[in-house]
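Below is the file protein-v4.pdb, which contains PDB, C-alpha atoms.
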```
ATOM      1  CA  ILE A   1      97.033   2.867-114.814
ATOM      2  CA  LEU A   2      99.879   0.465-115.623
ATOM      3  CA  ASP A   3     100.708   0.749-119.323
ATOM      4  CA  GLY A   4     103.043  -1.546-121.230
ATOM      5  CA  GLN A   5     103.165   0.974-124.110
ATOM      6  CA  ASN A   6     102.999  -1.960-126.556
ATOM      7  CA  LEU A   7     106.590  -2.805-125.646
ATOM      8  CA  GLN A   8     106.417  -5.378-122.824
ATOM      9  CA  ARG A   9     104.284  -7.439-120.440
ATOM     10  CA  VAL A  10     102.494  -5.242-117.893
ATOM     11  CA  LEU A  11     102.679  -7.348-114.705
ATOM     12  CA  TYR A  12     104.467 -10.572-113.812
ATOM     13  CA  GLN A  13     104.246 -12.590-110.595
ATOM     14  CA  PRO A  14     107.703 -14.183-110.291
ATOM     15  CA  THR A  15     106.787 -16.892-107.791
ATOM     16  CA  ILE A  16     104.071 -18.159-105.442
ATOM     17  CA  PHE A  17     103.577 -15.826-102.505
ATOM     18  CA  ASN A  18     102.901 -17.260 -99.053
ATOM     19  CA  THR A  19      99.993 -14.895 -98.427
ATOM     20  CA  MET A  20      97.183 -13.758-100.674
ATOM     21  CA  VAL A  21      98.041 -10.706-102.785
ATOM     22  CA  VAL A  22      95.310  -8.306-103.926
ATOM     23  CA  TRP A  23      95.359  -6.007-106.945
ATOM     24  CA  ASP A  24      92.459  -3.588-106.490
ATOM     25  CA  GLY A  25      91.394  -0.834-108.861
ATOM     26  CA  LEU A  26      94.181  -1.185-111.419
ATOM     27  CA  THR A  27      94.054  -0.781-115.185
ATOM     28  CA  LEU A  28      96.504  -3.075-116.999
ATOM     29  CA  GLN A  29      96.781  -2.102-120.635
ATOM     30  CA  ASN A  30      98.840  -2.133-123.817
ATOM     31  CA  GLY A  31     101.035  -5.067-122.905
ATOM     32  CA  ARG A  32     102.661  -6.701-125.912
ATOM     33  CA  LEU A  33     104.734  -9.854-126.381
ATOM     34  CA  ASN A  34     106.216 -11.199-129.583
ATOM     35  CA  SER A  35     106.362 -14.581-127.856
ATOM     36  CA  GLY A  36     105.070 -15.635-124.447
ATOM     37  CA  ASP A  37     101.979 -15.879-122.286
ATOM     38  CA  GLY A  38     100.102 -13.223-120.357
ATOM     39  CA  ALA A  39     100.800  -9.882-122.011
ATOM     40  CA  GLY A  40      98.605  -8.129-119.465
ATOM     41  CA  ALA A  41      99.353 -10.275-116.423
ATOM     42  CA  TYR A  42     101.161 -13.565-115.787
ATOM     43  CA  ILE A  43     100.097 -15.130-112.478
ATOM     44  CA  TYR A  44     101.159 -18.207-110.499
ATOM     45  CA  GLY A  45      98.482 -18.047-107.789
ATOM     46  CA  ASN A  46      97.441 -16.880-104.317
ATOM     47  CA  PHE A  47      96.166 -13.797-106.068
ATOM     48  CA  GLN A  48      93.054 -11.638-106.219
ATOM     49  CA  ILE A  49      92.245  -9.229-109.034
ATOM     50  CA  VAL A  50      89.452  -6.919-107.871
ATOM     51  CA  ASN A  51      87.773  -3.933-109.547
ATOM     52  CA  CYS A  52      90.314  -3.936-112.359
ATOM     53  CA  ILE A  53      90.323  -3.352-116.106
ATOM     54  CA  VAL A  54      92.574  -5.505-118.275
ATOM     55  CA  GLN A  55      92.538  -4.201-121.836
ATOM     56  CA  TYR A  56      94.346  -3.849-125.171
ATOM     57  CA  ASN A  57      97.002  -6.478-124.471
ATOM     58  CA  THR A  58      98.479  -8.613-127.269
ATOM     59  CA  THR A  59     100.636 -11.698-127.580
ATOM     60  CA  LEU A  60     101.687 -12.634-131.094
ATOM     61  CA  ASN A  61     102.698 -16.176-130.137
ATOM     62  CA  GLY A  62     101.290 -17.219-126.772
ATOM     63  CA  ASN A  63      98.220 -17.770-124.625
ATOM     64  CA  GLY A  64      96.141 -15.672-122.253
ATOM     65  CA  ALA A  65      96.747 -12.273-123.806
ATOM     66  CA  GLY A  66      94.871 -10.483-121.038
ATOM     67  CA  ILE A  67      95.521 -12.746-118.037
ATOM     68  CA  TYR A  68      97.441 -16.024-117.931
ATOM     69  CA  LYS A  69      97.169 -18.289-114.876
ATOM     70  CA  ASN A  70     100.038 -20.778-114.745
ATOM     71  CA  SER A  71      98.787 -24.343-115.024
ATOM     72  CA  ASN A  72     101.510 -25.963-112.916
ATOM     73  CA  TYR A  73     100.318 -24.580-109.595
ATOM     74  CA  SER A  74      97.005 -25.237-107.828
ATOM     75  CA  ASN A  75      97.232 -21.999-105.853
ATOM     76  CA  PRO A  76      94.053 -20.084-106.666
ATOM     77  CA  LEU A  77      93.376 -16.939-108.640
ATOM     78  CA  TYR A  78      90.232 -14.948-107.808
ATOM     79  CA  ILE A  79      88.942 -12.351-110.260
ATOM     80  CA  THR A  80      86.081 -10.138-109.043
ATOM     81  CA  ASN A  81      84.232  -7.158-110.513
ATOM     82  CA  THR A  82      86.760  -6.956-113.313
ATOM     83  CA  GLN A  83      86.539  -6.184-117.021
ATOM     84  CA  ILE A  84      88.746  -8.069-119.481
ATOM     85  CA  LEU A  85      88.415  -6.219-122.769
ATOM     86  CA  ASP A  86      89.860  -6.203-126.287
ATOM     87  CA  ASN A  87      92.857  -8.464-125.759
ATOM     88  CA  THR A  88      94.356 -10.490-128.620
ATOM     89  CA  ALA A  89      96.194 -13.816-128.744
ATOM     90  CA  ALA A  90      97.142 -13.758-132.400
ATOM     91  CA  ASN A  91      98.652 -17.167-133.169
ATOM     92  CA  THR A  92      96.495 -19.734-134.982
ATOM     93  CA  TYR A  93      96.689 -22.150-132.048
ATOM     94  CA  SER A  94      96.529 -19.549-129.282
ATOM     95  CA  GLU A  95      94.307 -20.206-126.279
ATOM     96  CA  GLY A  96      92.405 -17.658-124.222
ATOM     97  CA  GLY A  97      92.329 -14.213-125.783
ATOM     98  CA  GLY A  98      90.987 -12.647-122.608
ATOM     99  CA  LEU A  99      91.765 -15.247-119.954
ATOM    100  CA  TYR A 100      93.690 -18.529-119.810
ATOM    101  CA  SER A 101      92.669 -20.151-116.552
ATOM    102  CA  TYR A 102      93.472 -22.996-114.184
ATOM    103  CA  TYR A 103      92.303 -22.987-110.552
ATOM    104  CA  THR A 104      90.480 -19.721-111.155
ATOM    105  CA  THR A 105      87.226 -18.286-109.816
ATOM    106  CA  ALA A 106      85.751 -15.287-111.631
ATOM    107  CA  THR A 107      82.727 -13.453-110.207
ATOM    108  CA  ASN A 108      80.783 -10.489-111.587
ATOM    109  CA  CYS A 109      83.137 -10.036-114.512
ATOM    110  CA  ARG A 110      82.732  -8.982-118.112
ATOM    111  CA  ILE A 111      84.938 -10.583-120.757
ATOM    112  CA  SER A 112      84.327  -8.838-124.058
ATOM    113  CA  GLY A 113      85.917  -7.982-127.386
ATOM    114  CA  ASN A 114      88.808 -10.449-127.103
ATOM    115  CA  SER A 115      90.133 -12.736-129.833
ATOM    116  CA  ALA A 116      92.055 -16.028-130.107
ATOM    117  CA  GLY A 117      91.976 -19.358-131.924
ATOM    118  CA  TYR A 118      90.751 -21.457-128.976
ATOM    119  CA  GLY A 119      88.553 -19.719-126.422
ATOM    120  CA  ALA A 120      88.505 -16.169-127.751
ATOM    121  CA  GLY A 121      87.177 -14.919-124.430
ATOM    122  CA  VAL A 122      88.046 -17.721-121.994
ATOM    123  CA  TRP A 123      90.060 -20.935-122.063
ATOM    124  CA  SER A 124      89.334 -22.840-118.839
ATOM    125  CA  SER A 125      90.571 -26.083-117.358
ATOM    126  CA  ALA A 126      91.051 -27.643-113.919
ATOM    127  CA  GLU A 127      88.916 -26.298-111.074
ATOM    128  CA  CYS A 128      87.621 -23.150-112.756
ATOM    129  CA  ASN A 129      84.398 -21.451-111.707
ATOM    130  CA  PHE A 130      82.612 -18.511-113.293
ATOM    131  CA  PHE A 131      79.701 -16.819-111.542
ATOM    132  CA  ASN A 132      77.375 -13.993-112.621
ATOM    133  CA  SER A 133      79.583 -12.999-115.528
ATOM    134  CA  ILE A 134      79.065 -11.832-119.106
ATOM    135  CA  ILE A 135      81.159 -13.215-121.955
ATOM    136  CA  ASP A 136      80.202 -11.352-125.105
ATOM    137  CA  HIS A 137      81.351 -10.034-128.473
ATOM    138  CA  ASN A 138      84.525 -12.103-128.542
ATOM    139  CA  THR A 139      85.820 -13.266-131.926
ATOM    140  CA  VAL A 140      87.491 -16.471-133.023
ATOM    141  CA  THR A 141      89.564 -15.230-135.942
ATOM    142  CA  VAL A 142      91.260 -18.365-137.269
ATOM    143  CA  ILE A 143      90.324 -21.798-138.608
ATOM    144  CA  PRO A 144      89.069 -24.078-137.057
ATOM    145  CA  GLY A 145      87.754 -21.643-134.450
ATOM    146  CA  TYR A 146      86.918 -23.245-131.130
ATOM    147  CA  GLY A 147      84.554 -20.967-129.304
ATOM    148  CA  ALA A 148      84.393 -17.804-127.290
ATOM    149  CA  VAL A 149      84.556 -20.208-124.344
ATOM    150  CA  TYR A 150      86.737 -23.310-124.627
ATOM    151  CA  VAL A 151      86.389 -25.754-121.736
ATOM    152  CA  TYR A 152      89.274 -28.197-121.532
ATOM    153  CA  GLY A 153      88.823 -29.540-117.973
ATOM    154  CA  ASN A 154      86.316 -29.560-115.152
ATOM    155  CA  SER A 155      84.816 -26.080-115.045
ATOM    156  CA  LYS A 156      81.521 -24.629-113.878
ATOM    157  CA  TYR A 157      79.683 -21.627-115.290
ATOM    158  CA  GLU A 158      76.744 -20.408-113.215
ATOM    159  CA  ASN A 159      74.402 -17.502-113.984
ATOM    160  CA  CYS A 160      76.574 -16.473-116.907
ATOM    161  CA  ASP A 161      75.544 -14.923-120.218
ATOM    162  CA  ILE A 162      77.600 -16.169-123.166
ATOM    163  CA  VAL A 163      76.146 -14.132-125.992
ATOM    164  CA  ASN A 164      76.845 -12.497-129.349
ATOM    165  CA  ASN A 165      80.220 -14.085-129.904
ATOM    166  CA  THR A 166      81.497 -14.959-133.385
ATOM    167  CA  CYS A 167      83.632 -17.498-135.162
ATOM    168  CA  THR A 168      84.696 -15.708-138.335
ATOM    169  CA  TYR A 169      84.873 -18.862-140.462
ATOM    170  CA  ASN A 170      81.947 -21.197-141.137
ATOM    171  CA  THR A 171      83.790 -24.451-140.474
ATOM    172  CA  THR A 172      81.975 -27.591-139.364
ATOM    173  CA  SER A 173      84.402 -28.061-136.477
ATOM    174  CA  GLY A 174      84.115 -24.502-135.171
ATOM    175  CA  THR A 175      81.659 -22.590-133.028
ATOM    176  CA  GLY A 176      81.180 -19.008-131.933
ATOM    177  CA  GLY A 177      79.742 -19.914-128.532
ATOM    178  CA  VAL A 178      80.908 -22.718-126.226
ATOM    179  CA  TYR A 179      83.236 -25.522-127.230
ATOM    180  CA  SER A 180      83.298 -28.161-124.520
ATOM    181  CA  TYR A 181      86.197 -30.544-124.983
ATOM    182  CA  SER A 182      85.526 -31.871-121.481
ATOM    183  CA  ASN A 183      82.485 -33.862-120.415
ATOM    184  CA  ASN A 184      83.065 -32.545-116.882
ATOM    185  CA  ALA A 185      81.903 -29.032-117.724
ATOM    186  CA  VAL A 186      78.718 -27.715-116.109
ATOM    187  CA  PHE A 187      76.576 -24.796-117.238
ATOM    188  CA  ASP A 188      73.979 -23.892-114.618
ATOM    189  CA  SER A 189      71.357 -21.168-115.134
ATOM    190  CA  CYS A 190      73.254 -19.734-118.100
ATOM    191  CA  ILE A 191      72.117 -18.026-121.284
ATOM    192  CA  ILE A 192      74.049 -19.137-124.368
ATOM    193  CA  CYS A 193      72.585 -17.444-127.410
ATOM    194  CA  GLY A 194      73.203 -15.186-130.380
ATOM    195  CA  ASN A 195      76.570 -16.778-131.081
ATOM    196  CA  LYS A 196      77.532 -17.387-134.708
ATOM    197  CA  ARG A 197      79.796 -19.484-136.877
ATOM    198  CA  GLY A 198      80.144 -17.482-140.047
ATOM    199  CA  TYR A 199      76.630 -16.270-140.845
ATOM    200  CA  TYR A 200      74.936 -19.127-139.005
ATOM    201  CA  VAL A 201      73.818 -19.427-135.411
ATOM    202  CA  ASN A 202      75.987 -21.914-133.559
ATOM    203  CA  ASN A 203      75.946 -21.760-129.771
ATOM    204  CA  LEU A 204      77.367 -25.056-128.515
ATOM    205  CA  MET A 205      79.606 -27.938-129.481
ATOM    206  CA  GLY A 206      80.343 -30.845-127.159
ATOM    207  CA  THR A 207      78.391 -32.527-124.381
ATOM    208  CA  PRO A 208      78.656 -30.535-121.157
ATOM    209  CA  THR A 209      76.083 -30.888-118.384
ATOM    210  CA  MET A 210      73.369 -28.275-118.893
ATOM    211  CA  GLN A 211      71.210 -27.306-115.908
ATOM    212  CA  SER A 212      68.377 -24.769-116.158
ATOM    213  CA  SER A 213      70.140 -23.055-119.041
ATOM    214  CA  ALA A 214      68.796 -21.487-122.242
ATOM    215  CA  ILE A 215      70.403 -22.108-125.609
TER     216      ILE A 215
END
```
Please re-express this file's structure in structure tokens.
Amino acid sequence: ILDGQNLQRVLYQPTIFNTMVVWDGLTLQNGRLNSGDGAGAYIYGNFQIVNCIVQYNTTLNGNGAGIYKNSNYSNPLYITNTQILDNTAANTYSEGGGLYSYYTTATNCRISGNSAGYGAGVWSSAECNFFNSIIDHNTVTVIPGYGAVYVYGNSKYENCDIVNNTCTYNTTSGTGGVYSYSNNAVFDSCIICGNKRGYYVNNLMGTPTMQSSAI
């Protein structure tokens, strides 16, 4: 267990490594930043996170409270069999309570109980892929409230359940489920249901490509 004791970021990758680095079986918890991204982990790329738990991390003014993948580098991040739980990006305009992702592939993961303004569970952009994962019980806590999943760039979600997420405020521009800013998003064989905006069911905003998915 690597514990930030609510005093500091837990793990930081200072630069791109020439070979793939693997974190296997770690728990990253209780990271805290007054300002900055990635209270649990800040990653540039060429990285694998496997069989890990990333939980209880908070940034008061930043993005990707649990895991932040730097957007300036196309080196990949792979997340497998990992739980990203109960992380908080507290600023009104924060993005990605659980995960802020570029060039990221997540497989067999659960992203649950996180909160942020944009993408309470996941904020995804260029070349992101999510397979066989559950994104549930995340909460958008501020107005306008753009989704448990916020898709900014070309991303694909396949065989994923995006369920029982909530946008606290019933605003016409908000959603508890998926907010697709990008028309290049694809949802294939997904279940998107039980998500709410205030007291009302609201699963999807935007025009992503939907293939064999239930809403």
*Which residue, A:Gly174, A:Gly117, A:Gly198, A:Pro76, has the smallest gap to Tyr93 of chain A when you use only C-alpha atoms?*
A:Gly117
*To one decimal place, how far is atom CA of Gly121 of chain A from atom CA of Ser101 of chain A in Å?*
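For atom CA of Gly121 of chain A relative to atom CA of Ser101 of chain A, the distance reads 10.9 Å.
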*Identify the residues within 6 Å of coordinate (85.8, -8.0, -131.3) (same frame as the file), considering only C-alpha atoms, and give the answer as a list in words.*
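The residues that fall inside the cut-off are Gly113, Asn114, His137, Asn138 and Thr139 of chain A.
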_Please expand the PyMOL selection byres ((chain A and resi 9-26) around 10) into the concrete residues it hits in this file, giving the result as a PyMOL selection string._
chain A and resi 1-8+27-33+36-54+57-59+65-68+73+75-82
*Selection near Thr175 of chain A, 6 Å with all atoms listed in the file, sequence-local residues under 6 positions removed, as a PyMOL selection string*: chain A and resi 146-147+167+197+202
*Tell me which of A:Ile134, A:Ala116, A:Leu60, A:Cys128 sits closest to Ile84 of chain A, counting only C-alpha atoms.*
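The answer is A:Ile134, which sits nearest to Ile84 of chain A.
With atom CA of Leu99 of chain A on one side and atom CA of Pro208 of chain A on the other, the separation reads 20.2 Å.
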